[in-house]
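One file, query_14.cif, carrying mmCIF, C-alpha atoms:
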```cif
data_start
loop_
_atom_site.label_atom_id
_atom_site.label_comp_id
_atom_site.auth_asym_id
_atom_site.auth_seq_id
_atom_site.Cartn_x
_atom_site.Cartn_y
_atom_site.Cartn_z
CA MET G 1 10.36 29.27 13.79
CA GLN G 2 13.00 30.44 16.24
CA GLY G 3 11.43 29.02 19.38
CA ARG G 4 10.02 25.79 17.99
CA ARG G 5 9.64 23.00 20.53
CA THR G 6 11.86 20.18 19.34
CA ALA G 7 12.92 16.93 20.94
CA THR G 8 16.56 17.96 20.56
CA ARG G 9 16.07 21.24 22.43
CA ALA G 10 14.17 19.47 25.17
CA GLY G 11 17.10 17.10 25.54
CA TYR G 12 15.54 13.95 24.08
CA LEU G 13 16.77 11.40 21.60
CA VAL G 14 14.08 9.95 19.33
CA CYS G 15 14.33 6.26 18.46
CA HIS G 16 14.02 5.92 14.71
CA ASP G 17 12.56 2.42 14.94
CA CYS G 18 10.06 2.55 17.80
CA ARG G 19 9.84 6.35 18.28
CA LEU G 20 10.40 6.23 22.03
CA LEU G 21 11.89 9.40 23.50
CA THR G 22 14.88 8.93 25.76
CA PRO G 23 16.48 11.78 27.74
CA ILE G 24 20.04 12.28 26.48
CA ASP G 25 21.60 11.68 29.90
CA VAL G 26 19.65 8.43 30.38
CA ALA G 27 20.65 7.21 26.91
CA ALA G 28 24.32 7.82 27.72
CA GLU G 29 24.06 5.33 30.60
CA HIS G 30 22.87 2.55 28.30
CA ALA G 31 25.47 0.49 26.51
CA HIS G 32 26.25 1.90 23.03
CA CYS G 33 23.58 4.53 23.56
CA SER G 34 20.78 2.16 22.57
CA CYS G 35 17.01 2.53 22.87
CA PRO G 36 15.84 1.03 26.19
CA ARG G 37 12.68 -0.30 24.52
CA CYS G 38 13.79 -1.81 21.21
CA GLY G 39 17.58 -1.86 21.38
CA SER G 40 18.12 0.23 18.25
CA SER G 41 21.06 2.62 18.48
CA LEU G 42 20.05 6.19 19.29
CA HIS G 43 21.35 9.27 17.53
CA LEU G 44 20.47 12.93 17.63
CA ARG G 45 20.50 12.78 13.81
CA LYS G 46 21.17 9.86 11.49
CA PRO G 47 24.96 9.25 11.62
CA ASP G 48 27.00 10.88 8.83
CA SER G 49 23.74 11.47 7.00
CA LEU G 50 25.06 13.96 4.44
CA ALA G 51 28.28 12.09 3.65
CA ARG G 52 26.51 8.75 3.27
CA THR G 53 23.67 10.13 1.18
CA TRP G 54 26.11 11.99 -1.09
CA ALA G 55 28.22 8.88 -1.56
CA LEU G 56 25.23 6.69 -2.38
CA THR G 57 23.62 9.29 -4.67
CA LEU G 58 26.83 9.81 -6.65
CA THR G 59 27.27 6.03 -6.97
CA ALA G 60 23.73 5.79 -8.30
CA TYR G 61 24.48 8.53 -10.89
CA ILE G 62 27.50 6.60 -12.12
CA LEU G 63 25.58 3.31 -12.31
CA TYR G 64 22.75 5.07 -14.11
CA ILE G 65 24.97 5.45 -17.20
CA PRO G 66 25.54 1.71 -17.90
CA ALA G 67 21.96 1.06 -16.78
CA ASN G 68 20.77 3.04 -19.79
CA LEU G 69 23.49 2.25 -22.31
CA LEU G 70 23.80 -1.51 -21.85
CA PRO G 71 21.04 -3.91 -22.93
CA ILE G 72 18.71 -5.02 -20.12
CA MET G 73 17.61 -8.07 -22.07
CA THR G 74 18.12 -9.88 -25.35
CA VAL G 75 15.24 -11.55 -27.14
CA LYS G 76 16.33 -14.24 -29.58
CA MET G 77 13.68 -15.46 -31.98
CA SER G 78 14.73 -18.36 -34.23
CA GLY G 79 18.38 -17.42 -34.14
CA ARG G 80 18.05 -13.69 -34.63
CA GLY G 81 18.88 -11.74 -31.52
CA GLU G 82 17.61 -8.32 -30.55
CA ALA G 83 19.09 -6.46 -27.59
CA ASP G 84 16.86 -4.03 -25.75
CA THR G 85 17.96 -1.15 -23.57
CA ILE G 86 15.48 0.51 -21.21
CA LEU G 87 14.73 3.25 -23.71
CA SER G 88 14.53 1.01 -26.79
CA GLY G 89 12.18 -1.26 -24.84
CA VAL G 90 9.82 1.67 -24.30
CA LYS G 91 10.15 2.66 -27.96
CA ALA G 92 9.31 -0.88 -29.05
CA LEU G 93 6.14 -0.75 -26.94
CA ILE G 94 5.06 2.54 -28.55
CA VAL G 95 5.78 1.22 -32.05
CA GLY G 96 3.83 -1.92 -31.16
CA GLY G 97 0.85 0.26 -30.28
CA MET G 98 0.94 -0.61 -26.59
CA TRP G 99 1.18 2.97 -25.43
CA PRO G 100 -0.54 2.57 -22.04
CA LEU G 101 2.06 -0.06 -21.22
CA ALA G 102 4.81 2.16 -22.63
CA LEU G 103 3.60 4.87 -20.25
CA VAL G 104 3.80 2.58 -17.22
CA VAL G 105 7.28 1.36 -18.12
CA PHE G 106 8.47 4.87 -18.99
CA PHE G 107 7.19 6.18 -15.67
CA ALA G 108 8.68 3.35 -13.58
CA SER G 109 12.00 2.95 -15.36
CA ILE G 110 12.84 6.47 -16.47
CA THR G 111 10.74 9.11 -14.70
CA VAL G 112 10.99 7.65 -11.18
CA PRO G 113 14.77 7.05 -11.09
CA VAL G 114 15.55 10.44 -12.67
CA LEU G 115 13.20 12.30 -10.34
CA LYS G 116 14.58 10.41 -7.39
CA LEU G 117 18.19 11.24 -8.22
CA LEU G 118 17.31 14.89 -8.84
CA ALA G 119 15.28 15.10 -5.62
CA LEU G 120 18.10 13.60 -3.55
CA THR G 121 20.63 15.95 -5.15
CA GLY G 122 18.39 18.95 -4.55
CA LEU G 123 17.79 18.00 -0.93
CA LEU G 124 21.50 17.42 -0.33
CA LEU G 125 22.49 20.72 -1.94
CA SER G 126 19.82 22.64 -0.03
CA VAL G 127 21.04 21.22 3.30
CA GLN G 128 24.68 21.67 2.36
CA PHE G 129 24.15 25.34 1.56
CA LYS G 130 21.98 25.84 4.65
CA SER G 131 19.00 26.90 2.59
CA LYS G 132 16.01 28.29 4.49
CA TRP G 133 13.72 27.89 1.48
CA ARG G 134 10.36 26.10 1.99
CA PRO G 135 11.36 23.49 4.59
CA ARG G 136 7.90 21.93 4.67
CA GLU G 137 7.78 21.36 0.91
CA ARG G 138 11.30 19.93 0.96
CA THR G 139 10.26 17.51 3.71
CA VAL G 140 7.30 16.40 1.58
CA VAL G 141 9.65 15.88 -1.39
CA TYR G 142 11.78 13.71 0.87
CA ARG G 143 8.81 11.58 1.90
CA LEU G 144 7.76 11.13 -1.74
CA THR G 145 11.32 10.15 -2.68
CA GLU G 146 11.25 7.45 -0.03
CA LEU G 147 7.84 6.25 -1.19
CA ILE G 148 8.18 5.99 -4.98
CA GLY G 149 11.61 4.37 -5.28
CA ARG G 150 10.35 0.79 -5.09
CA TRP G 151 8.22 1.14 -8.23
CA SER G 152 11.34 1.25 -10.40
CA MET G 153 11.72 -2.46 -9.78
CA ILE G 154 8.98 -3.23 -12.34
CA ASP G 155 11.40 -3.68 -15.23
CA ILE G 156 13.55 -6.09 -13.23
CA PHE G 157 10.46 -8.14 -12.38
CA VAL G 158 9.28 -8.15 -16.00
CA ILE G 159 12.65 -9.50 -17.15
CA THR G 160 12.59 -12.21 -14.47
CA ILE G 161 9.09 -13.33 -15.50
CA LEU G 162 9.92 -13.31 -19.22
CA VAL G 163 13.09 -15.31 -18.54
CA ALA G 164 11.01 -17.80 -16.53
CA LEU G 165 8.51 -18.24 -19.35
CA VAL G 166 10.70 -18.35 -22.39
CA GLN G 167 13.42 -20.91 -21.91
CA MET G 168 12.80 -23.36 -24.71
CA GLY G 169 16.29 -22.91 -26.09
CA SER G 170 15.61 -24.12 -29.61
CA LEU G 171 12.87 -21.76 -30.76
CA SER G 172 13.43 -18.60 -28.84
CA THR G 173 15.18 -17.42 -25.72
CA ILE G 174 15.15 -14.36 -23.55
CA ASP G 175 18.39 -13.53 -21.78
CA ALA G 176 18.90 -10.86 -19.16
CA GLY G 177 21.57 -8.27 -19.93
CA PRO G 178 24.21 -6.44 -17.91
CA GLY G 179 22.17 -3.23 -18.04
CA ALA G 180 19.61 -4.90 -15.80
CA VAL G 181 22.24 -5.44 -13.09
CA ALA G 182 23.26 -1.79 -13.24
CA PHE G 183 19.64 -0.68 -13.17
CA ALA G 184 18.82 -2.90 -10.19
CA GLY G 185 21.88 -1.37 -8.53
CA VAL G 186 20.52 2.14 -9.13
CA VAL G 187 17.17 1.21 -7.56
CA VAL G 188 18.69 -0.43 -4.48
CA ILE G 189 21.36 2.23 -3.93
CA THR G 190 18.90 5.12 -4.22
CA MET G 191 16.67 3.34 -1.70
CA PHE G 192 19.60 3.21 0.73
CA ALA G 193 20.41 6.84 -0.10
CA ALA G 194 16.86 7.93 0.80
CA MET G 195 17.05 5.92 4.03
CA SER G 196 20.34 7.52 5.08
CA PHE G 197 19.11 11.09 4.55
CA ASP G 198 17.80 12.79 7.67
CA PRO G 199 15.03 15.31 6.88
CA ARG G 200 15.53 16.94 10.30
CA LEU G 201 18.70 18.48 8.84
CA ILE G 202 16.44 20.62 6.64
CA TRP G 203 14.88 22.08 9.78
CA ASP G 204 18.13 22.39 11.73
CA ASN G 205 19.37 24.98 9.26
CA ILE G 206 16.33 27.13 9.82
CA GLU G 207 16.65 27.18 13.56
CA ASN G 208 20.38 28.04 13.73
CA GLN G 209 22.12 25.37 15.70
CA PRO G 210 19.44 23.48 17.60
CA MET G 211 22.21 21.31 19.00
CA LYS G 212 23.19 24.07 21.43
CA GLU G 213 21.46 22.34 24.28
CA LYS G 214 22.99 22.80 27.67
CA GLU G 215 25.51 20.01 28.15
CA MET K 1 11.34 28.63 25.80
CA HIS K 2 10.11 26.55 28.70
CA GLU K 3 11.96 23.48 29.79
CA ILE K 4 9.63 20.59 29.18
CA GLN K 5 9.14 18.77 32.44
CA ASN K 6 6.79 15.97 31.39
CA ASN K 7 8.25 12.52 31.30
CA ALA K 8 9.17 10.96 28.00
CA GLU K 9 6.17 8.61 28.03
CA ALA K 10 3.76 11.50 27.63
CA LEU K 11 5.63 13.04 24.72
CA ILE K 12 6.00 12.28 21.06
CA ALA K 13 8.34 13.74 18.46
CA CYS K 14 8.00 14.00 14.68
CA ILE K 15 10.70 11.88 13.05
CA ASP K 16 10.83 14.14 9.99
CA CYS K 17 11.21 17.55 11.68
CA ASP K 18 11.83 16.84 15.39
CA GLN K 19 8.79 18.85 16.54
CA LEU K 20 7.86 17.83 20.09
CA TYR K 21 4.25 17.28 21.18
CA SER K 22 2.41 15.92 24.17
CA LYS K 23 1.06 12.58 23.05
CA PRO K 24 -2.47 13.15 21.70
CA LEU K 25 -5.36 10.98 22.86
CA LEU K 26 -6.71 9.32 19.76
CA ARG K 27 -9.89 7.37 19.19
CA LYS K 28 -9.85 4.24 17.06
CA GLY K 29 -9.32 5.08 13.41
CA GLU K 30 -7.81 8.49 14.12
CA LYS K 31 -4.33 9.68 13.32
CA ALA K 32 -2.37 12.74 14.32
CA LEU K 33 -0.29 14.72 11.82
CA CYS K 34 2.62 17.01 12.55
CA ILE K 35 1.50 20.65 12.25
CA ASN K 36 4.97 21.66 11.21
CA CYS K 37 5.73 19.26 8.35
CA GLY K 38 2.63 17.09 7.83
CA ALA K 39 4.18 13.72 8.73
CA VAL K 40 2.08 11.13 10.56
CA LEU K 41 2.87 11.42 14.27
CA CYS K 42 0.86 8.54 15.61
CA GLU K 43 -2.13 6.48 14.64
CA ARG K 44 -4.71 4.23 16.25
CA LYS K 45 -6.03 1.49 14.01
CA ARG K 46 -9.54 0.07 14.05
CA GLY K 47 -9.06 -3.65 13.79
CA GLY K 48 -7.11 -4.86 16.76
CA ILE K 49 -4.69 -7.74 17.09
CA ASP K 50 -7.18 -10.44 16.05
CA LEU K 51 -7.68 -8.87 12.64
CA SER K 52 -3.96 -8.34 12.04
CA LEU K 53 -3.33 -11.93 13.07
CA ALA K 54 -5.95 -13.31 10.68
CA LEU K 55 -4.61 -11.18 7.83
CA ALA K 56 -0.98 -12.14 8.47
CA LEU K 57 -1.94 -15.80 8.46
CA THR K 58 -3.80 -15.33 5.17
CA CYS K 59 -0.72 -13.65 3.68
CA LEU K 60 1.43 -16.58 4.70
CA ILE K 61 -0.90 -19.12 3.06
CA LEU K 62 -1.17 -17.04 -0.12
CA LEU K 63 2.61 -16.68 -0.25
CA LEU K 64 2.97 -20.45 -0.12
CA LEU K 65 0.41 -20.90 -2.91
CA ALA K 66 2.06 -18.17 -4.96
CA ASN K 67 5.38 -19.96 -4.81
CA VAL K 68 4.27 -23.57 -5.21
CA PHE K 69 2.06 -23.17 -8.27
CA PRO K 70 2.97 -21.92 -11.76
CA LEU K 71 2.47 -18.25 -12.49
CA LEU K 72 1.71 -18.48 -16.18
CA ARG K 73 1.26 -21.15 -18.80
CA MET K 74 2.35 -20.23 -22.28
CA SER K 75 2.00 -21.95 -25.59
CA ILE K 76 3.89 -21.05 -28.73
CA ALA K 77 3.33 -23.23 -31.76
CA GLY K 78 2.01 -26.15 -29.77
CA ILE K 79 4.79 -26.16 -27.18
CA VAL K 80 3.38 -25.57 -23.71
CA GLN K 81 5.57 -24.04 -21.09
CA GLU K 82 4.89 -23.27 -17.45
CA GLY K 83 6.82 -20.76 -15.46
CA SER K 84 6.76 -19.86 -11.79
CA LEU K 85 8.50 -17.07 -9.95
CA MET K 86 11.12 -19.53 -8.71
CA THR K 87 11.84 -20.69 -12.30
CA GLY K 88 12.70 -17.09 -13.15
CA ILE K 89 14.94 -16.68 -10.13
CA VAL K 90 16.77 -19.93 -10.86
CA GLU K 91 17.07 -19.20 -14.59
CA MET K 92 18.42 -15.74 -13.80
CA TYR K 93 21.07 -17.36 -11.59
CA LYS K 94 21.96 -19.86 -14.33
CA GLN K 95 22.45 -17.03 -16.81
CA GLY K 96 25.06 -15.60 -14.46
CA TYR K 97 23.03 -12.74 -13.04
CA TRP K 98 23.17 -13.81 -9.39
CA GLU K 99 22.73 -10.21 -8.22
CA ILE K 100 19.32 -9.89 -9.87
CA SER K 101 18.41 -13.42 -8.86
CA ALA K 102 19.21 -12.67 -5.20
CA LEU K 103 17.48 -9.27 -5.27
CA VAL K 104 14.27 -10.63 -6.80
CA PHE K 105 14.28 -13.53 -4.33
CA ILE K 106 14.66 -11.14 -1.39
CA VAL K 107 12.01 -8.60 -2.39
CA THR K 108 9.35 -11.00 -3.70
CA ILE K 109 9.76 -14.08 -1.49
CA LEU K 110 12.11 -13.68 1.47
CA ALA K 111 11.06 -10.26 2.78
CA PRO K 112 7.26 -10.81 2.49
CA MET K 113 7.61 -14.31 3.97
CA ALA K 114 9.81 -13.13 6.85
CA ARG K 115 7.43 -10.27 7.56
CA ALA K 116 4.41 -12.57 7.77
CA LEU K 117 6.20 -15.17 9.90
CA LEU K 118 7.77 -12.66 12.29
CA LEU K 119 4.46 -10.86 12.63
CA LEU K 120 2.80 -14.11 13.70
CA TYR K 121 5.67 -14.70 16.14
CA VAL K 122 5.02 -11.34 17.81
CA LEU K 123 1.22 -11.26 17.56
CA ILE K 124 0.23 -14.78 18.64
CA PRO K 125 1.67 -14.48 22.18
CA MET K 126 0.47 -10.88 22.35
CA ARG K 127 -3.06 -12.09 21.63
CA PHE K 128 -2.84 -14.03 24.92
CA ASN K 129 -1.30 -11.10 26.78
CA ARG K 130 2.18 -12.53 26.72
CA LEU K 131 5.34 -11.37 25.08
CA ALA K 132 7.44 -13.57 22.81
CA PRO K 133 11.15 -13.79 23.67
CA ARG K 134 13.03 -10.89 22.06
CA ALA K 135 9.76 -9.49 20.73
CA ALA K 136 11.21 -5.97 20.56
CA GLN K 137 14.12 -7.01 18.35
CA VAL K 138 11.89 -9.17 16.16
CA PHE K 139 9.33 -6.43 15.69
CA ARG K 140 12.08 -3.92 14.89
CA LEU K 141 13.49 -6.32 12.29
CA LEU K 142 10.13 -6.92 10.62
CA GLU K 143 9.41 -3.21 10.47
CA SER K 144 12.79 -2.54 8.87
CA LEU K 145 12.01 -5.19 6.23
CA SER K 146 8.92 -3.39 4.97
CA PRO K 147 10.60 -1.21 2.30
CA TRP K 148 12.07 -4.41 0.82
CA ALA K 149 8.80 -6.36 0.55
CA MET K 150 7.58 -5.45 -2.93
CA THR K 151 4.58 -7.67 -3.60
CA GLU K 152 2.48 -4.88 -5.12
CA VAL K 153 5.28 -3.81 -7.45
CA PHE K 154 5.79 -7.41 -8.53
CA MET K 155 2.07 -7.70 -9.33
CA LEU K 156 2.35 -4.75 -11.72
CA GLY K 157 5.44 -6.43 -13.17
CA ILE K 158 3.36 -9.54 -13.89
CA LEU K 159 0.72 -7.46 -15.68
CA VAL K 160 3.33 -5.71 -17.83
CA ALA K 161 4.94 -9.04 -18.72
CA VAL K 162 1.56 -10.55 -19.62
CA VAL K 163 0.59 -7.68 -21.91
CA LYS K 164 4.05 -7.72 -23.50
CA MET K 165 3.82 -11.43 -24.27
CA ALA K 166 0.16 -11.49 -25.26
CA ASP K 167 0.98 -10.81 -28.92
CA LEU K 168 3.64 -13.49 -29.15
CA ALA K 169 1.99 -16.37 -27.38
CA ALA K 170 -1.23 -17.63 -25.87
CA LEU K 171 -1.03 -17.07 -22.15
CA GLN K 172 -3.04 -18.68 -19.38
CA PRO K 173 -2.90 -17.41 -15.82
CA GLY K 174 -1.84 -19.98 -13.24
CA VAL K 175 -2.86 -20.40 -9.60
CA ALA K 176 0.14 -18.35 -8.47
CA LEU K 177 -1.03 -15.35 -10.46
CA TYR K 178 -4.36 -15.26 -8.63
CA SER K 179 -2.50 -15.88 -5.38
CA PHE K 180 -0.22 -12.91 -6.00
CA ALA K 181 -3.18 -10.69 -6.84
CA ALA K 182 -4.91 -11.69 -3.60
CA LEU K 183 -1.65 -11.43 -1.68
CA MET K 184 -1.20 -7.85 -2.82
CA LEU K 185 -4.59 -6.95 -1.33
CA PHE K 186 -4.00 -8.87 1.89
CA VAL K 187 -0.54 -7.38 2.43
CA ALA K 188 -2.07 -3.91 2.07
CA ALA K 189 -4.86 -4.88 4.47
CA THR K 190 -2.36 -6.26 7.00
CA ASP K 191 -0.32 -3.06 6.90
CA ALA K 192 -3.47 -0.99 7.24
CA SER K 193 -4.69 -2.98 10.24
CA LEU K 194 -1.38 -3.27 12.08
CA ASP K 195 -1.34 -0.86 15.03
CA VAL K 196 2.42 -0.31 15.23
CA ASP K 197 2.27 2.33 17.99
CA ASN K 198 0.05 0.11 20.12
CA ILE K 199 2.34 -2.90 19.68
CA TRP K 200 5.37 -0.83 20.74
CA GLU K 201 3.46 0.36 23.80
CA LYS K 202 2.63 -3.22 24.73
CA ILE K 203 6.24 -4.32 24.24
CA GLY K 204 7.40 -1.33 26.30
CA ALA K 205 4.94 -2.06 29.13
CA GLU K 206 6.16 -5.65 29.37
CA CYS K 207 9.77 -4.48 29.35
CA ASP K 208 9.09 -2.19 32.32
CA ALA K 209 7.12 -4.84 34.22
CA GLY K 210 9.71 -7.57 33.65
#
```
Hey, can you dump this file as structure tokens for me?
Amino acid sequence: MQGRRTATRAGYLVCHDCRLLTPIDVAAEHAHCSCPRCGSSLHLRKPDSLARTWALTLTAYILYIPANLLPIMTVKMSGRGEADTILSGVKALIVGGMWPLALVVFFASITVPVLKLLALTGLLLSVQFKSKWRPRERTVVYRLTELIGRWSMIDIFVITILVALVQMGSLSTIDAGPGAVAFAGVVVITMFAAMSFDPRLIWDNIENQPMKEKE
Amino acid sequence: MHEIQNNAEALIACIDCDQLYSKPLLRKGEKALCINCGAVLCERKRGGIDLSLALALTCLILLLLANVFPLLRMSIAGIVQEGSLMTGIVEMYKQGYWEISALVFIVTILAPMARALLLLYVLIPMRFNRLAPRAAQVFRLLESLSPWAMTEVFMLGILVAVVKMADLAALQPGVALYSFAALMLFVAATDASLDVDNIWEKIGAECDAG
């Protein structure tokens, strides 16, 4: 691992948008150090990656509490209202015998966000403590984290569709609840958190200061 | 460690682990993976610009259908009610949840629509060996939109909603539901056919020439 050929060591900046390699000295000549091909700003690593990812991940943890405690929607049938949280919604599906559906909702609304938060925390801690443990597997975990986050949006979409359908007012209504806002916040913020994390930091720790390129 | 003398054009780096390679020569349909971390380094797609163009155009038409027509028709005790995606977004806004309303609008309508339109903007001139003005910026924008275009997730959302409501009311699928189902497939096909590396190379070549 010590003598791995990396773009950084060879003195190149990699554009994160179009993947063009630009020699560091050439990039410095361009205004704001931007990619000569696509205009995106060039960095050796994503800027303030750890600080930003930590901030977003911690925010998501905090939002995750109201997301689970507050009702995500209220179903009113002939006057009687029933507020559903994420978990009680899943329970209602199981009680109603719709367990395949319960499984889908449980996976999308509970498993995915929890796994995502745990994965981000684990990745952050491992980079923070300069862990040398299984860099390849950690990189794969990162890619999965980026990939699965969007599926948590299912519950938000279901609420929107139900609200669209049931708006007769007199007979029955379905209202969204504040928990849904918090939950949507968790999904969006963890997506930004995954985007701001730079998996190359995992590898930097293994190679002891790859930045020591001749100035 | 040797100093790498090749010019940047002939090199490619893994964006997940920074491993540097000489750019591999790929045949159509092949992709190169990073030995170090397994990420996709580069890819050459089979279809070509014509196919991507046709698919993007199809996506645009389906998106219009999916938003003009009702998604579901529901009847409870003789009262028939039709709902479209836009009804939900508007109703959500009326209930005071503008955040959800805006988010759903962005990920189900705005981002997929912008992606299809911007793709046509880049690909149509490219088909005739020209480059649209600011093609690089536009292509960068449309690529950065892709995590926010969630058509396939929305489709699963529709299915969950339908099953949930099936006990309470008689549901009939509307034109938009079929459109969304088809859209999901065509979005996937567009992404699979779109040769991103090749398009960047073409944009880069024009930049150098001009």
Only residues of chain K matter here; which ones have an atom within 6 Å of chain G, counting all atoms listed in the file? Give them as a PyMOL selection string.
chain K and resi 8+16-20+37+83+87-88+136-137+153+157+161+204
Residues returned when the PyMOL selection byres ((chain K and resi 170) around 6) runs on this file, as an mmCIF file with C-alpha atoms, in the coordinates of the input:
```cif
data_model
loop_
_atom_site.group_PDB
_atom_site.id
_atom_site.type_symbol
_atom_site.label_atom_id
_atom_site.label_comp_id
_atom_site.auth_asym_id
_atom_site.auth_seq_id
_atom_site.Cartn_x
_atom_site.Cartn_y
_atom_site.Cartn_z
ATOM 1 C CA MET K 74 2.350 -20.230 -22.280
ATOM 2 C CA SER K 75 2.000 -21.950 -25.590
ATOM 3 C CA ALA K 169 1.990 -16.370 -27.380
ATOM 4 C CA LEU K 171 -1.030 -17.070 -22.150
#
```
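Take CA of Tyr121 in chain K and CA of Leu142 in chain K: the distance between them is 10.5 Å.
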Output check: residues returned by the PyMOL selection byres ((chain K and resi 174-189) around 10), as a compact mmCIF listing (two decimals) with C-alpha atoms, keeping the file's coordinate frame:
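Result saved to part01.txt:
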```txt
# COMPACT_ATOMS: atom_id res chain seq x y z
CA LEU K 51 -7.68 -8.87 12.64
CA SER K 52 -3.96 -8.34 12.04
CA LEU K 55 -4.61 -11.18 7.83
CA ALA K 56 -0.98 -12.14 8.47
CA LEU K 57 -1.94 -15.80 8.46
CA THR K 58 -3.80 -15.33 5.17
CA CYS K 59 -0.72 -13.65 3.68
CA LEU K 60 1.43 -16.58 4.70
CA ILE K 61 -0.90 -19.12 3.06
CA LEU K 62 -1.17 -17.04 -0.12
CA LEU K 63 2.61 -16.68 -0.25
CA LEU K 64 2.97 -20.45 -0.12
CA LEU K 65 0.41 -20.90 -2.91
CA ALA K 66 2.06 -18.17 -4.96
CA ASN K 67 5.38 -19.96 -4.81
CA VAL K 68 4.27 -23.57 -5.21
CA PHE K 69 2.06 -23.17 -8.27
CA PRO K 70 2.97 -21.92 -11.76
CA LEU K 71 2.47 -18.25 -12.49
CA LEU K 72 1.71 -18.48 -16.18
CA ARG K 73 1.26 -21.15 -18.80
CA MET K 74 2.35 -20.23 -22.28
CA GLU K 82 4.89 -23.27 -17.45
CA GLY K 83 6.82 -20.76 -15.46
CA SER K 84 6.76 -19.86 -11.79
CA LEU K 85 8.50 -17.07 -9.95
CA PRO K 112 7.26 -10.81 2.49
CA ARG K 115 7.43 -10.27 7.56
CA ALA K 116 4.41 -12.57 7.77
CA ALA K 149 8.80 -6.36 0.55
CA MET K 150 7.58 -5.45 -2.93
CA THR K 151 4.58 -7.67 -3.60
CA GLU K 152 2.48 -4.88 -5.12
CA VAL K 153 5.28 -3.81 -7.45
CA PHE K 154 5.79 -7.41 -8.53
CA MET K 155 2.07 -7.70 -9.33
CA LEU K 156 2.35 -4.75 -11.72
CA ILE K 158 3.36 -9.54 -13.89
CA LEU K 159 0.72 -7.46 -15.68
CA LEU K 171 -1.03 -17.07 -22.15
CA GLN K 172 -3.04 -18.68 -19.38
CA PRO K 173 -2.90 -17.41 -15.82
CA THR K 190 -2.36 -6.26 7.00
CA ASP K 191 -0.32 -3.06 6.90
CA ALA K 192 -3.47 -0.99 7.24
CA SER K 193 -4.69 -2.98 10.24
CA LEU K 194 -1.38 -3.27 12.08
```
Near Ala132 in chain K, within 9 Å and counting only C-alpha atoms, which residues show up once chain neighbours fewer than 4 positions away are dropped, as a VMD selection string?
chain K and resid 121 to 126 136
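The space separating CA of Gly122 in chain G from CA of Ala32 in chain K comes to 28.7 Å.
Atom pair CA of Phe107 in chain G / CA of Thr145 in chain G: separated by 14.2 Å.
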Could you check which of K:Ala102, K:Ile89, K:Ile199, K:Val107 is closest to Phe139 in chain K, using only C-alpha atoms?
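Of the candidates, the smallest distance to Phe139 in chain K is held by K:Ile199.
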